[in-house]
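Chemist: So that we are looking at the same thing, I have put the structure below in structure tokens.
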Amino acid sequence: AVPAAGAGAGGEGGGDGRGGGSVSGDATEGGVTLVALEQVIAHHLGALFPGMEIVDRHLFRVTRDADLEVSDDAADLLQAVEDELRRRRFGEIVRVELGAHCAEPLRSELVSLLGVAEEEIYPVDGLLDMGSLWQIVRLPGLAELREEPMSPITHPRLLLADLRSVEDERPDVLAAMREGDVLVHHPYDSFATSVERFVEQAVADPDVLAIKLTVYRTSDDSPLVPALVEASERGKQAAALVELKARFDERLNIHWAKTLEEAGVHVVYGQPALKTHVKCVLVVRREGDRVRNYVHIGTGNYHSTTARLYTDFGLFTIDPEIGADVTDMFNYLTGYGRPLHYRKVLIAPSQLRDGLIAEIDRTIAAHTGGRGSSPARITMKMNALVDGPCIRALYRASQAGVPVDLNVRGICCLRPGVQGVSENIRVVSIVGRLLEHSRVYAFERAGEQVVYIASADLMPRNLDHRVELAVPIESPELRAELLDVLARAFTDNQNAWDLGSDGAWRRRHPAAGEAPRSLQLELIEQHARRAAEEREGAAAAG
């Protein structure tokens, strides 16, 4: 008897034990018939194993430890990562997904062959690989089942008539930055006409002396890395901080690192003990008898594909102190020495946790002291909340009577609504068309508003083992825009889930007579209106 294991160790499979991973389709006059590829294979197992009796078959999938064990003392970090990548496929098994209806003899045989414990077996009643459903999404002729395409807009601040480039009418990002800080919200605001245009323009500008950027995750068709190559060829100082240990993007980052080095770009891999997770671009431009720093700081990766699927904020600024902070950070990461202090930004692992906890404590003090007529409030948005010291600080705020609103997309180790501990905390998660990826930390007290956007979630790995950056948003107009987005998340009754004191998430639905509201749909419509108003204004001016 030859049991067919479908996916094989570490392969991709799916189904309830009778198929359901890869999908094969046949278009007929009556519609489209979809058949799981595993079912086709199972039906023809006799042809694959001639002369054998097929007693049983099932599907399973193995997950292995993907962490790279790179020594802090590695003489050649690039070579060390490449060596670890070759060993990854033999990493320790941490999970085996198995169809829920697998027969016990086959299950026991599989456990024995893989050498796993019983608690490492996870029965799945359904597809083992939900990613296979993308094959259905891409099928032609199903337009009525798809959401309307979303078209990012060019931020209006970048399209002011007097800021357009004379020769091609593309946005003049540098000129817009000189007029004031610009906050973009992807994917509602176009990544191509903001971030990519910023780097493209800097490369072409003869007055730009240096371009430095961080590369954590980027797409293989990204124009940003080739732009650095061109900058180097034009005689500019070009530097890239490439994180070789960005999980599952290691090979692509190694490829880009070698390409950049061959072109003469100064490539730095950061420090073995820390991941460089910060997302920023620094452009140094000669203006008269001085130089000026132009900076972009974002909450998400410089990845053109995910910039259409993930929600992220980015700040364009020429603030001298923020520019000096980012310059110090690049000098520290690309050379030797350690800045003694930063002027405005918060950097992990040295000060980000302490800085945010200090803001929480100041908000508590303002609330308990009764200063001002405006109520104190803490509002945060992140992907995960795990860090113990931060959670305890938020509990203290709740116990002091400070309202705390948390928008946490994924893991949340804080329990809201516990009497005497967290009854003033509410936690919501938005799971919609777009993946909520931005990180925002806002503190309101005594008429004062302190708002940061950051690359870091509140997790020990971010705060202790990564280089992260949080930047304050100082423009009242931009702070109001961020606070508006945060507030809309708590009125969503279409894609919102509330976390209860028992640790369970519950889907929120409109109350009787309550109008449906969706954070993402409202922002799509808001940006579409803004684009239409810009077009009407331009037509009237013309």
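For the structure tokens, the naming scheme is as follows: chains receive sequential letters (A, B, ...) according to their order of presentation, residues are indexed from 1 within each chain, and ligands are indexed from 1 in presentation order.
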Contacts of Ile318 in chain A at 8 Å or less, counting only C-alpha atoms, minus same-chain residues fewer than 3 places along, as a PyMOL selection string?
Modeler: chain A and resi 177-178+180-181+292-295+322-323
Chemist: When you look at Leu315 in chain A with a cut-off of 8 Å (counting only C-alpha atoms), what residues show up, excluding the ones that are within fewer than 4 positions of it in the same chain? I need them as a list in words.
Modeler: Asp181, Val182, Leu183, Val184, Val295, His296, Ile297 and Gly298 of chain A
Chemist: Name all residues at most 12 Å from Glu148 in chain A (count only C-alpha atoms; drop same-chain ones fewer than 2 positions away) and give them as a list of chain:residue names.
Modeler: A:Ala143, A:Glu144, A:Leu145, A:Arg146, A:Met150, A:Ser151, A:Arg433, A:Leu521, A:Ile524
Chemist: Taking 6 positions as the minimum chain separation for residues in the same chain, which residues sit within 12 Å of Glu262 in chain A when counting only C-alpha atoms? Answer as a PyMOL selection string.
Modeler: chain A and resi 226+228-229+232-233+255-256
Chemist: Pick out each residue of range 434-464 of chain A that DSSP on the backbone tags as helix (DSSP H, G or I); I need them as a list in words.
Modeler: Pro460, Arg461, Asn462, Leu463 and Asp464 of chain A
Chemist: Name the residues in contact with Gln237 in chain A at a cut-off of 10 Å, using only C-alpha atoms, excluding same-chain residues fewer than 4 positions from it; report them as a compact mmCIF listing (two decimals) with all heavy atoms, in the first residue's frame.
Modeler:
```txt
# COMPACT_ATOMS: atom_id res chain seq x y z
N VAL A 208 21.29 67.73 -6.24
CA VAL A 208 21.24 66.71 -5.20
C VAL A 208 22.61 66.06 -5.08
O VAL A 208 23.16 65.56 -6.06
CB VAL A 208 20.15 65.66 -5.49
CG1 VAL A 208 20.31 64.46 -4.57
CG2 VAL A 208 18.77 66.28 -5.31
N LEU A 209 23.15 66.07 -3.87
CA LEU A 209 24.48 65.54 -3.63
C LEU A 209 24.47 64.08 -3.18
O LEU A 209 25.40 63.33 -3.47
CB LEU A 209 25.19 66.38 -2.55
CG LEU A 209 25.26 67.89 -2.82
CD1 LEU A 209 25.89 68.60 -1.63
CD2 LEU A 209 26.04 68.17 -4.09
N ALA A 210 23.43 63.69 -2.43
CA ALA A 210 23.42 62.34 -1.86
C ALA A 210 21.99 61.83 -1.71
O ALA A 210 21.07 62.61 -1.47
CB ALA A 210 24.12 62.32 -0.50
N ILE A 211 21.84 60.52 -1.88
CA ILE A 211 20.57 59.84 -1.67
C ILE A 211 20.85 58.59 -0.83
O ILE A 211 21.70 57.78 -1.20
CB ILE A 211 19.89 59.43 -2.99
CG1 ILE A 211 19.70 60.64 -3.90
CG2 ILE A 211 18.55 58.74 -2.72
CD1 ILE A 211 19.18 60.28 -5.28
N LYS A 212 20.13 58.46 0.27
CA LYS A 212 20.29 57.29 1.13
C LYS A 212 18.91 56.74 1.43
O LYS A 212 17.98 57.49 1.69
CB LYS A 212 20.99 57.66 2.43
CG LYS A 212 22.37 58.29 2.23
CD LYS A 212 23.04 58.62 3.56
CE LYS A 212 24.41 59.26 3.33
NZ LYS A 212 25.11 59.53 4.60
N LEU A 228 18.90 54.16 -7.38
CA LEU A 228 20.16 54.35 -6.65
C LEU A 228 21.35 54.04 -7.53
O LEU A 228 22.39 54.71 -7.45
CB LEU A 228 20.19 53.44 -5.42
CG LEU A 228 19.63 53.97 -4.10
CD1 LEU A 228 20.00 53.03 -2.97
CD2 LEU A 228 20.14 55.36 -3.80
N ALA A 231 21.82 56.98 -9.66
CA ALA A 231 22.38 58.08 -8.87
C ALA A 231 23.89 57.94 -8.73
O ALA A 231 24.64 58.91 -8.85
CB ALA A 231 21.71 58.14 -7.51
N SER A 232 24.34 56.71 -8.47
CA SER A 232 25.77 56.47 -8.35
C SER A 232 26.48 56.75 -9.66
O SER A 232 27.57 57.34 -9.68
CB SER A 232 26.01 55.03 -7.90
OG SER A 232 27.40 54.75 -7.79
N GLU A 233 25.88 56.33 -10.77
CA GLU A 233 26.48 56.56 -12.08
C GLU A 233 26.54 58.05 -12.42
O GLU A 233 27.39 58.48 -13.21
CB GLU A 233 25.69 55.80 -13.15
CG GLU A 233 25.82 54.28 -13.01
CD GLU A 233 24.88 53.53 -13.94
OE1 GLU A 233 23.96 54.17 -14.51
OE2 GLU A 233 25.06 52.31 -14.09
N GLY A 264 28.62 50.52 -7.55
CA GLY A 264 29.34 51.52 -6.78
C GLY A 264 28.53 52.18 -5.68
O GLY A 264 28.99 53.15 -5.07
N VAL A 265 27.35 51.65 -5.40
CA VAL A 265 26.55 52.17 -4.29
C VAL A 265 27.14 51.68 -2.97
O VAL A 265 27.57 50.53 -2.87
CB VAL A 265 25.08 51.73 -4.43
CG1 VAL A 265 24.26 52.18 -3.23
CG2 VAL A 265 24.47 52.27 -5.71
N HIS A 266 27.15 52.56 -1.98
CA HIS A 266 27.63 52.17 -0.66
C HIS A 266 26.55 51.32 0.02
O HIS A 266 25.51 51.84 0.41
CB HIS A 266 27.93 53.41 0.17
CG HIS A 266 28.48 53.11 1.54
ND1 HIS A 266 28.45 54.02 2.58
CD2 HIS A 266 29.06 52.00 2.04
CE1 HIS A 266 28.99 53.48 3.65
NE2 HIS A 266 29.36 52.24 3.36
N VAL A 283 17.50 62.70 1.25
CA VAL A 283 18.05 63.37 0.07
C VAL A 283 18.75 64.64 0.54
O VAL A 283 18.14 65.47 1.23
CB VAL A 283 16.95 63.71 -0.96
CG1 VAL A 283 17.49 64.60 -2.08
CG2 VAL A 283 16.35 62.43 -1.54
N VAL A 284 20.01 64.77 0.19
CA VAL A 284 20.80 65.95 0.56
C VAL A 284 20.98 66.81 -0.69
O VAL A 284 21.54 66.35 -1.69
CB VAL A 284 22.16 65.55 1.14
CG1 VAL A 284 22.94 66.80 1.56
CG2 VAL A 284 21.99 64.60 2.32
```
Chemist: Residues at most 12 Å from Asp498 in chain A, counting only C-alpha atoms, excluding those fewer than 6 positions away in the same chain, as a list in words?
Modeler: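 My list of contacting residues is Asp405, Leu406, Asn407, Val408, Arg409, Gly410, Cys412, Arg415, Pro416, Gly417, Ile425, Arg426, Val427, Val428, Ser429, Ile430, Val431, Ala489, Phe490, Thr491, Asp492, Ala504, Trp505, Arg506, Arg507, Arg508 and His509 of chain A.
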Chemist: Go ahead and dump the residues you just picked, C-alpha atoms, as a tab-separated table (two decimals), in the first residue's frame.
Modeler:
```tsv
chain	number	residue	atom	x	y	z
A	405	ASP	CA	-8.72	53.54	22.06
A	406	LEU	CA	-6.64	50.85	20.37
A	407	ASN	CA	-6.91	49.78	16.74
A	408	VAL	CA	-4.92	46.53	16.61
A	409	ARG	CA	-5.07	44.52	13.41
A	410	GLY	CA	-3.60	41.27	14.72
A	412	CYS	CA	-3.30	41.82	21.09
A	415	ARG	CA	-7.40	42.54	27.74
A	416	PRO	CA	-9.85	45.45	27.55
A	417	GLY	CA	-12.91	45.89	29.74
A	425	ILE	CA	-9.82	50.62	27.13
A	426	ARG	CA	-11.51	49.45	23.95
A	427	VAL	CA	-9.82	47.45	21.20
A	428	VAL	CA	-11.03	47.14	17.63
A	429	SER	CA	-9.59	45.34	14.61
A	430	ILE	CA	-10.42	46.28	11.02
A	431	VAL	CA	-10.29	43.36	8.61
A	489	ALA	CA	-11.97	53.08	12.74
A	490	PHE	CA	-14.15	53.08	15.87
A	491	THR	CA	-17.33	53.95	13.95
A	492	ASP	CA	-16.83	51.12	11.41
A	504	ALA	CA	-12.62	36.71	22.12
A	505	TRP	CA	-13.15	38.83	19.01
A	506	ARG	CA	-16.72	39.56	17.98
A	507	ARG	CA	-17.82	40.95	14.63
A	508	ARG	CA	-19.53	44.33	14.90
A	509	HIS	CA	-22.83	44.88	13.08
```
Chemist: At a cut-off of 10 Å, can you tabulate as a Markdown table every residue of range 268-359 of chain A near range 186-199 of chain A together with its closest atom pair and the distance in Å to one decimal, using only C-alpha atoms and ordering rows by chain then number?
Modeler:
```
| residue | atom | partner | partner_atom | distance |
| --- | --- | --- | --- | --- |
| A:Val281 | CA | A:Val199 | CA | 8.2 |
| A:Leu282 | CA | A:Val199 | CA | 9.4 |
| A:Val283 | CA | A:Val199 | CA | 8.2 |
| A:Tyr294 | CA | A:Phe198 | CA | 9.5 |
| A:Val295 | CA | A:Phe198 | CA | 9.6 |
| A:His296 | CA | A:Val195 | CA | 7.7 |
| A:Ile297 | CA | A:Val195 | CA | 9.9 |
| A:Gly298 | CA | A:Val195 | CA | 9.6 |
| A:Gly300 | CA | A:His186 | CA | 9.2 |
| A:Tyr302 | CA | A:Val195 | CA | 8.2 |
| A:His303 | CA | A:Phe191 | CA | 9.0 |
| A:Ser304 | CA | A:Phe191 | CA | 6.9 |
| A:Thr305 | CA | A:Phe191 | CA | 9.6 |
| A:Thr306 | CA | A:Pro187 | CA | 8.7 |
| A:Ala307 | CA | A:Pro187 | CA | 5.7 |
| A:Arg308 | CA | A:Pro187 | CA | 4.9 |
| A:Leu309 | CA | A:Pro187 | CA | 6.6 |
| A:Tyr310 | CA | A:Pro187 | CA | 6.7 |
| A:Thr311 | CA | A:His186 | CA | 5.3 |
| A:Asp312 | CA | A:His186 | CA | 5.2 |
| A:Phe313 | CA | A:His186 | CA | 6.3 |
| A:Gly314 | CA | A:His186 | CA | 8.0 |
| A:Leu315 | CA | A:Val195 | CA | 9.8 |
| A:Phe316 | CA | A:Val195 | CA | 8.9 |
```
Chemist: Going by DSSP on the backbone, which residues of range 265-481 of chain A come out as strand (DSSP E)? List them as number ranges by chain.
Modeler: A: 266-268, 275-276, 280-287, 290-298, 310-317, 346-348, 377-382, 404-408, 425-430, 435-436, 439-445, 448-454, 466-472
Chemist: Calculate how many Å separate CA of Thr154 in chain A from CA of Ala175 in chain A, rounding to one decimal.
Modeler: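 One can read the CA of Thr154 in chain A to CA of Ala175 in chain A distance as 15.1 Å.
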Chemist: Please determine, counting only C-alpha atoms, which residue among A:Ala528, A:Val402, A:Leu113, A:Val485 has the shortest atom-to-atom distance to Pro152 in chain A.
Modeler: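 Of the candidates, the smallest distance to Pro152 in chain A is held by A:Ala528.
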